[in-house]
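Novice: Let me give you the structure first, and then I'll get to my questions.
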Amino acid sequence: MARLTGARPVAARRWGCAAAFLLLLLTVQAAQKADLSGDTTAATINHSLTLLQRLQELLQNGNGSDSVLRVRSAASDEAKVFHTHQLLLSLQSEVFESLLRNQSVVTLHEPPETAALFEKFIRYLYCGGVSILLHQAIPLHQLASKYRVWGLQRGVAEYMRTHLASESSQGHVVGWYHYAVRVGDAALQESCLQFLAWNLSAVLGSAEWGSVSVELLLLLLERSDLVLHSELELYTAVEGWLSRRQPEAPVAERVLRAIRYPMIAPSQLFRLQAQSAVLARHRGALQDLLFQAFQFHAASPLHFAKYFDVNCSMFLPRNYLAPSWGSQWVITNPARDDRSTSFQTQLGPSSHDAGKRVTWNVLFSPRWLPVSLRPVYSDSVSGAIQPVRIEDGRPRLVITPAMSSPDFAGVSFQKTVLVGVRQQGRVLVKHAYSFHQSSDETPDFLVHADLQKRTSEYLIDNSLHLHIIIKPVYHSLIKVKK
């Protein structure tokens, strides 16, 4: 690292410049914090935009510069040179404060991706703002982390969490997830994982599917909240991933054993056995699962449950979008009136129940009143009813079977409601709510949705786009040792 000669004059210029900056900043702050104290003649004079412009000019022209940053990258033989001001860098970054404490010229070595954005990064240090694009998020976050500019680091992480739905040619959510794992950002990691799970069908057909790591793939395969058309769609995508990545046999078999074969119809399983090269290659490691799947479809659920534990993930449906598992429902002007609809689903995933249908009645109320807010008679005024405002109500969804049947024995129904939202021009799933057999309502359903506003993120063209999924779950009523 180079060091300028004439340390005393340089130091004098440095601290003289620092004093000028401090005086300017303190003047602006004093004006903004002026105590008006009710005096109608008092006013705040705010020239902060002018100050920002002056700071930009300082960086651009290098006026009064007392430090130099030379940024080198392996992608170029020439160094980028920035004439900077120690005070402004030190105020934002403790790393720069340390680097510039005893020297005025510092050489920094950066990878090509971060070197390309270093000017944008320095501009943030001067002006406190930065424009950002999807492909710039990771290198900017890396710069902010390396130089400990915590405000920028938090800002970029928040940008990533709120732009998961943005469309890009190569995709970005998978890459952001892998980066979040490397840097230990648990919040971003979970946001990416949830987005991938709820919009998996869109990811399976994109360029980024091939970049999914083994660890991420296994995490996704173990989830029951994956939203996709069918288990067969998932198997086809996994088969393509294995063909491209060619992992070692133990890894491939671990991935293939995470597929829920009982959720695939027997006719499709026969076709896979005859046509799938991946399945043929690993048939020995999967033979027990395939045999169990055929048994599951051949026997009645009650009989099968006597000998096998059906309370495991292998027999639990995911959030399938196929018509036999649920229905779409678009509610226009959802804040106006109560609405109702009905649809049919297959009784259960077993082929034994394939011909049996359950009719479901659905009621949506935009202003349902919880028990605590319903009108009650008051003792203080005879016969008076406690007034209740309509706006005290909240959205409610009730999903009930139209009839009961002996076929329901040993089956419970989990209900999932997906809410489609438009983000960055695409319709995606951002909200999912679960209803259980014993309760036809969930307290958090659309609790944050303002259905009165046309600009609500929950609405698309003033309509509420729902997809209701019924997940039949078999239970082991009789325990018999195998």
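Letters A, B, ... go to the chains of the structure tokens in the order shown; residues in each chain start at 1; ligands are counted from 1 in the same order.
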Write out as a list in words which residues come within 12 Å of A:His448 when counting only C-alpha atoms, dropping same-chain ones fewer than 3 positions away.

Specialist: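 In the requested format, the answer is Arg394, Pro395, His431, Pro443, Asp444, Phe445, Leu451, Gln452, Ser456, Glu457 and Tyr458 of chain A.
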
Novice: Just C-alpha atoms for this one: save the residues we selected as a short mmCIF file (atom, residue, chain, number, x, y, z; two decimals), in the first residue's frame.

Specialist:
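Okay, result-v3.cif is ready:
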```cif
data_model
loop_
_atom_site.label_atom_id
_atom_site.label_comp_id
_atom_site.auth_asym_id
_atom_site.auth_seq_id
_atom_site.Cartn_x
_atom_site.Cartn_y
_atom_site.Cartn_z
CA ARG A 394 -63.18 -9.42 9.32
CA PRO A 395 -62.97 -11.78 6.31
CA HIS A 431 -50.25 -16.05 1.08
CA PRO A 443 -58.02 -16.46 12.81
CA ASP A 444 -55.37 -15.04 10.49
CA PHE A 445 -57.29 -15.42 7.21
CA LEU A 451 -60.30 -5.43 0.64
CA GLN A 452 -61.79 -1.94 0.39
CA SER A 456 -54.51 -3.83 -2.03
CA GLU A 457 -51.80 -6.38 -2.81
CA TYR A 458 -54.37 -9.10 -2.11
#
```

Novice: For the atom pair atom CA of A:Arg154 and atom CA of A:Leu117, what is the interatomic distance in Å to one decimal place?

Specialist: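 According to the coordinates, atom CA of A:Arg154 and atom CA of A:Leu117 are separated by 17.4 Å.
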
Novice: Distance atom CA of A:Val358-atom CA of A:Thr416, one decimal place?

Specialist: 16.0 Å

Novice: For A:His303, which residue out of A:Ser350, A:Asn63, A:Ser191, A:Thr345 is the nearest one, using only C-alpha atoms?

Specialist: A:Ser350

Novice: Using only C-alpha atoms, which of A:Ala115, A:Val183, A:Arg101, A:Val95 sits nearest A:Lys80?

Specialist: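 Answer, going by the shortest atom-to-atom distance: A:Ala115.
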
Novice: Please, what distance in Å, to one decimal, runs between atom CA of A:Ser365 and atom CA of A:Asp337?

Specialist: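 That distance, rounded to one decimal, is 6.9 Å.
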
Novice: Let me make sure I understand: among A:Thr162, A:Ser340, A:Ala293, A:Ala277, which one has the smallest atom-to-atom distance to A:Leu242 if we use only C-alpha atoms?

Specialist: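 Checking each candidate against A:Leu242, we get A:Ala277 as the closest.
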
Novice: Using DSSP on the backbone coordinates, identify all residues within stretch 55-210 of chain A classified as alpha helix (DSSP H); present the result as a count of residues only.

Specialist: 86

Novice: I want to know what sits within 12 Å of A:Glu222, based on only C-alpha atoms, with residues of the same chain fewer than 6 positions away left out; could you give that as a VMD selection string?

Specialist: chain A and resid 197 215 to 216 254 to 260 312 to 314 316 to 318

Novice: Just N, CA, C and O atoms for this one: save the residues we selected as a PDB file, in the first residue's frame.

Specialist:
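Saved to result26.pdb:
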```
ATOM      1  N   ALA A 197     -41.257 -22.815  -2.500  1.00  0.00           N
ATOM      2  CA  ALA A 197     -42.232 -23.858  -2.190  1.00  0.00           C
ATOM      3  C   ALA A 197     -43.615 -23.498  -2.730  1.00  0.00           C
ATOM      4  O   ALA A 197     -44.310 -24.342  -3.313  1.00  0.00           O
ATOM      5  N   GLU A 215     -28.731 -29.870  -1.454  1.00  0.00           N
ATOM      6  CA  GLU A 215     -29.288 -29.544  -0.136  1.00  0.00           C
ATOM      7  C   GLU A 215     -30.635 -28.842  -0.281  1.00  0.00           C
ATOM      8  O   GLU A 215     -31.588 -29.153   0.441  1.00  0.00           O
ATOM      9  N   LEU A 216     -30.724 -27.891  -1.217  1.00  0.00           N
ATOM     10  CA  LEU A 216     -31.991 -27.180  -1.422  1.00  0.00           C
ATOM     11  C   LEU A 216     -33.050 -28.120  -1.974  1.00  0.00           C
ATOM     12  O   LEU A 216     -34.218 -28.077  -1.546  1.00  0.00           O
ATOM     13  N   ARG A 254     -31.283 -40.960  -2.659  1.00  0.00           N
ATOM     14  CA  ARG A 254     -31.902 -40.199  -1.567  1.00  0.00           C
ATOM     15  C   ARG A 254     -32.935 -39.216  -2.110  1.00  0.00           C
ATOM     16  O   ARG A 254     -34.011 -39.039  -1.527  1.00  0.00           O
ATOM     17  N   VAL A 255     -32.618 -38.583  -3.224  1.00  0.00           N
ATOM     18  CA  VAL A 255     -33.561 -37.655  -3.858  1.00  0.00           C
ATOM     19  C   VAL A 255     -34.795 -38.401  -4.353  1.00  0.00           C
ATOM     20  O   VAL A 255     -35.933 -37.988  -4.102  1.00  0.00           O
ATOM     21  N   LEU A 256     -34.592 -39.513  -5.039  1.00  0.00           N
ATOM     22  CA  LEU A 256     -35.718 -40.264  -5.601  1.00  0.00           C
ATOM     23  C   LEU A 256     -36.621 -40.845  -4.518  1.00  0.00           C
ATOM     24  O   LEU A 256     -37.834 -40.961  -4.709  1.00  0.00           O
ATOM     25  N   ARG A 257     -36.059 -41.176  -3.369  1.00  0.00           N
ATOM     26  CA  ARG A 257     -36.866 -41.744  -2.291  1.00  0.00           C
ATOM     27  C   ARG A 257     -37.704 -40.676  -1.582  1.00  0.00           C
ATOM     28  O   ARG A 257     -38.565 -41.009  -0.763  1.00  0.00           O
ATOM     29  N   ALA A 258     -37.461 -39.410  -1.896  1.00  0.00           N
ATOM     30  CA  ALA A 258     -38.270 -38.332  -1.307  1.00  0.00           C
ATOM     31  C   ALA A 258     -39.526 -38.047  -2.131  1.00  0.00           C
ATOM     32  O   ALA A 258     -40.387 -37.281  -1.698  1.00  0.00           O
ATOM     33  N   ILE A 259     -39.640 -38.665  -3.320  1.00  0.00           N
ATOM     34  CA  ILE A 259     -40.862 -38.536  -4.113  1.00  0.00           C
ATOM     35  C   ILE A 259     -41.975 -39.341  -3.434  1.00  0.00           C
ATOM     36  O   ILE A 259     -41.742 -40.444  -2.946  1.00  0.00           O
ATOM     37  N   ARG A 260     -43.183 -38.821  -3.421  1.00  0.00           N
ATOM     38  CA  ARG A 260     -44.314 -39.502  -2.771  1.00  0.00           C
ATOM     39  C   ARG A 260     -45.068 -40.327  -3.819  1.00  0.00           C
ATOM     40  O   ARG A 260     -46.083 -39.904  -4.386  1.00  0.00           O
ATOM     41  N   CYS A 312     -47.482 -40.879   7.846  1.00  0.00           N
ATOM     42  CA  CYS A 312     -46.161 -40.352   7.509  1.00  0.00           C
ATOM     43  C   CYS A 312     -46.264 -39.528   6.231  1.00  0.00           C
ATOM     44  O   CYS A 312     -47.277 -39.561   5.528  1.00  0.00           O
ATOM     45  N   SER A 313     -45.213 -38.815   5.915  1.00  0.00           N
ATOM     46  CA  SER A 313     -45.264 -37.874   4.801  1.00  0.00           C
ATOM     47  C   SER A 313     -45.506 -38.564   3.462  1.00  0.00           C
ATOM     48  O   SER A 313     -46.077 -37.964   2.548  1.00  0.00           O
ATOM     49  N   MET A 314     -45.094 -39.819   3.309  1.00  0.00           N
ATOM     50  CA  MET A 314     -45.247 -40.518   2.036  1.00  0.00           C
ATOM     51  C   MET A 314     -46.701 -40.592   1.592  1.00  0.00           C
ATOM     52  O   MET A 314     -47.005 -40.601   0.397  1.00  0.00           O
ATOM     53  N   LEU A 316     -49.067 -38.328   2.576  1.00  0.00           N
ATOM     54  CA  LEU A 316     -49.686 -37.018   2.759  1.00  0.00           C
ATOM     55  C   LEU A 316     -49.592 -36.229   1.458  1.00  0.00           C
ATOM     56  O   LEU A 316     -48.495 -35.996   0.945  1.00  0.00           O
ATOM     57  N   PRO A 317     -50.725 -35.808   0.896  1.00  0.00           N
ATOM     58  CA  PRO A 317     -50.665 -35.017  -0.347  1.00  0.00           C
ATOM     59  C   PRO A 317     -49.986 -33.669  -0.121  1.00  0.00           C
ATOM     60  O   PRO A 317     -50.016 -33.110   0.979  1.00  0.00           O
ATOM     61  N   ARG A 318     -49.375 -33.167  -1.159  1.00  0.00           N
ATOM     62  CA  ARG A 318     -48.881 -31.791  -1.137  1.00  0.00           C
ATOM     63  C   ARG A 318     -50.032 -30.890  -1.604  1.00  0.00           C
ATOM     64  O   ARG A 318     -51.172 -31.335  -1.714  1.00  0.00           O
TER      65      ARG A 318
END
```

Novice: Just the strand (DSSP E or B) stuff from stretch 236-420 of chain A, please, per backbone DSSP, written as a ChimeraX atom specification.

Specialist: /A:319-320,326-332,339-346,357-368,377,385,394-401,411-420

Novice: Determine, counting only C-alpha atoms, which protein, DNA and RNA residues have an atom within 8 Å of an atom of A:Val330; residues of the same chain fewer than 4 positions away are not included. Present the result as a short mmCIF file (atom, residue, chain, number, x, y, z; two decimals) with N, CA and C atoms, in the first residue's frame.

Specialist:
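File written: around.cif
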```cif
data_model
loop_
_atom_site.label_atom_id
_atom_site.label_comp_id
_atom_site.auth_asym_id
_atom_site.auth_seq_id
_atom_site.Cartn_x
_atom_site.Cartn_y
_atom_site.Cartn_z
N SER A 463 -60.34 -8.00 -7.72
CA SER A 463 -60.89 -9.34 -7.45
C SER A 463 -59.92 -10.11 -6.56
N LEU A 464 -60.51 -10.98 -5.74
CA LEU A 464 -59.73 -11.85 -4.87
C LEU A 464 -59.58 -13.20 -5.55
N HIS A 465 -58.34 -13.59 -5.85
CA HIS A 465 -58.07 -14.84 -6.56
C HIS A 465 -57.66 -15.92 -5.55
N LEU A 466 -58.55 -16.86 -5.32
CA LEU A 466 -58.29 -17.95 -4.37
C LEU A 466 -58.16 -19.27 -5.12
#
```

Novice: Would you write out, as a Markdown table, a table of all residues in stretch 73-100 of chain A that have an atom no more than 7 Å from an atom of stretch 125-139 of chain A, listing for each the closest atom pair and the distance in Å to one decimal, considering only C-alpha atoms and ordering rows by chain and rising residue number?

Specialist:
```
| residue | atom | partner | partner_atom | distance |
| --- | --- | --- | --- | --- |
| A:Leu88 | CA | A:Tyr126 | CA | 6.4 |
| A:Leu89 | CA | A:Leu125 | CA | 6.4 |
| A:Gln92 | CA | A:Leu125 | CA | 6.2 |
```

Novice: Any chance you can output those residues with C-alpha atoms as a JSON list (two decimals), in the first residue's frame?

Specialist:
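Contents of again-v8.json, as written:
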```json
[["chain", "number", "residue", "atom", "x", "y", "z"],
["A", 88, "LEU", "CA", -17.22, 10.70, 4.86],
["A", 89, "LEU", "CA", -15.86, 7.18, 4.45],
["A", 92, "GLN", "CA", -20.12, 5.15, 7.22]]
```

Novice: Residues within 10 Å of A:Leu279, please, as number ranges by chain. Count only C-alpha atoms; anything in the same chain fewer than 6 positions from it doesn't count.

Specialist: A: 239, 253, 256, 272-273, 285-287

Novice: Residues of the last selection are to be written out with N, CA and C atoms, as a PDB file, in the first residue's frame.

Specialist:
```pdb
ATOM      1  N   GLU A 239     -36.374 -35.845 -12.286  1.00  0.00           N
ATOM      2  CA  GLU A 239     -35.697 -36.700 -13.263  1.00  0.00           C
ATOM      3  C   GLU A 239     -34.806 -35.855 -14.173  1.00  0.00           C
ATOM      4  N   GLU A 253     -30.353 -41.607  -5.179  1.00  0.00           N
ATOM      5  CA  GLU A 253     -31.352 -42.467  -4.549  1.00  0.00           C
ATOM      6  C   GLU A 253     -32.033 -41.774  -3.381  1.00  0.00           C
ATOM      7  N   LEU A 256     -34.592 -39.513  -5.039  1.00  0.00           N
ATOM      8  CA  LEU A 256     -35.718 -40.264  -5.601  1.00  0.00           C
ATOM      9  C   LEU A 256     -36.621 -40.845  -4.518  1.00  0.00           C
ATOM     10  N   LEU A 272     -43.939 -44.946 -15.874  1.00  0.00           N
ATOM     11  CA  LEU A 272     -42.610 -44.546 -15.420  1.00  0.00           C
ATOM     12  C   LEU A 272     -41.667 -45.742 -15.360  1.00  0.00           C
ATOM     13  N   GLN A 273     -42.172 -46.858 -14.873  1.00  0.00           N
ATOM     14  CA  GLN A 273     -41.333 -48.057 -14.807  1.00  0.00           C
ATOM     15  C   GLN A 273     -40.884 -48.516 -16.186  1.00  0.00           C
ATOM     16  N   ALA A 285     -33.025 -49.607  -5.552  1.00  0.00           N
ATOM     17  CA  ALA A 285     -33.141 -48.779  -4.352  1.00  0.00           C
ATOM     18  C   ALA A 285     -34.558 -48.264  -4.130  1.00  0.00           C
ATOM     19  N   LEU A 286     -35.420 -48.382  -5.149  1.00  0.00           N
ATOM     20  CA  LEU A 286     -36.773 -47.828  -5.049  1.00  0.00           C
ATOM     21  C   LEU A 286     -37.850 -48.904  -5.074  1.00  0.00           C
ATOM     22  N   GLN A 287     -37.436 -50.175  -5.214  1.00  0.00           N
ATOM     23  CA  GLN A 287     -38.408 -51.246  -5.397  1.00  0.00           C
ATOM     24  C   GLN A 287     -39.399 -51.315  -4.239  1.00  0.00           C
TER      25      GLN A 287
END
```

Novice: Can you work out which one of A:Pro366, A:Pro401, A:Gly410, A:Gly64 has the shortest atom-to-atom distance to A:Leu446, counting only C-alpha atoms?

Specialist: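 Residue with the minimum atom-to-atom distance to A:Leu446: A:Pro366.
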
Novice: Residues at most 10 Å from A:Val203, counting only C-alpha atoms, excluding those fewer than 4 positions away in the same chain, as a PyMOL selection string?

Specialist: chain A and resi 171+173-174+195-199+207-210+228+237

Novice: Measuring between only C-alpha atoms, which one of A:Ile460, A:Ala432, A:Leu289, A:Val427 shows the shortest distance to A:Asn333?

Specialist: A:Ile460
